[in-house]
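Visitor: First, the structure itself, so that you have it in front of you.
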Amino acid sequence: LSLTLMNATLAYRLEVANRGPEPIVGLNIGADMIAAHASMTREEQLSGPGNGAPTVQRIERIEPGESRIVAGEFRVPFSEIVPIRQGNAALLLPLARFRLEATGAKPLVRTFVVGQPGVGSNLQPFRLDLGPRVYPKLAQHAFA
């Protein structure tokens with residue numbers, strides 16, 4: 001994750017695997033990133049990108065037992081981030097959200113909260129009020 005004067009940018013790498021008995025055909029992967037915040041309901045935050053989300057990758061076919069890696073980055077302008085306030089600190093806890101749609105299959109949505117490694121399995125948010133910086137060590141938790 002990098003924070004500049006204008007944007008928060010998160011690089012991602014997503015592995016898509018076909019664990020079923022039939023090929024996956026016409027897979028469209030939509031994705032977005034938002035900031036976790038109490039002003040939104042849990043459902044709004046975890047429901048993933050909607051039908052109109054930008055397609056970040058299209059995979060024509062994945063055979064049973066095959067997997068593919070999809071990589072990219074999210075760039076969110078600071079003006080679109082609602083920070084979490086903790087005293088004088090402005091914090092960001094990104095939610096990377098993915099929507100997978102394939103021919104003849106029900107859409108699959110996955111949301112990952114991203115933070116700095118904390119104590120145990122806890123994640124620490126990113127400080128927005130410390131100026132530009134790069135956070136190379138990240139951790140994530142998936143929501144079902």
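Simple scheme: letters A, B, ... for chains in structure tokens order, numbers from 1 for residues in each chain, numbers from 1 for ligands in the order shown.
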Write out as number ranges by chain each polymer residue whose atoms come within 8 Å of stretch 126-141 of chain A, counting only C-alpha atoms; drop sequence neighbours fewer than 4 positions from it.

Guide: A: 1-5, 83, 89-93, 112-117

Visitor: Which polymer residues have any atom within 10 Å of an atom of A:Arg61, counting only C-alpha atoms, with same-chain residues fewer than 4 positions away left out, as a list in words?

Guide: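 Counting only the stated atoms, we get Asn18, Pro23, Ile24, Val25, Gly26, Leu27, Glu66 and Ala102 of chain A.
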
Visitor: Go ahead and compute the interatomic distance for atom CA of A:Ala38 and atom CA of A:Ile84, in Å to one decimal.

Guide: 8.0 Å
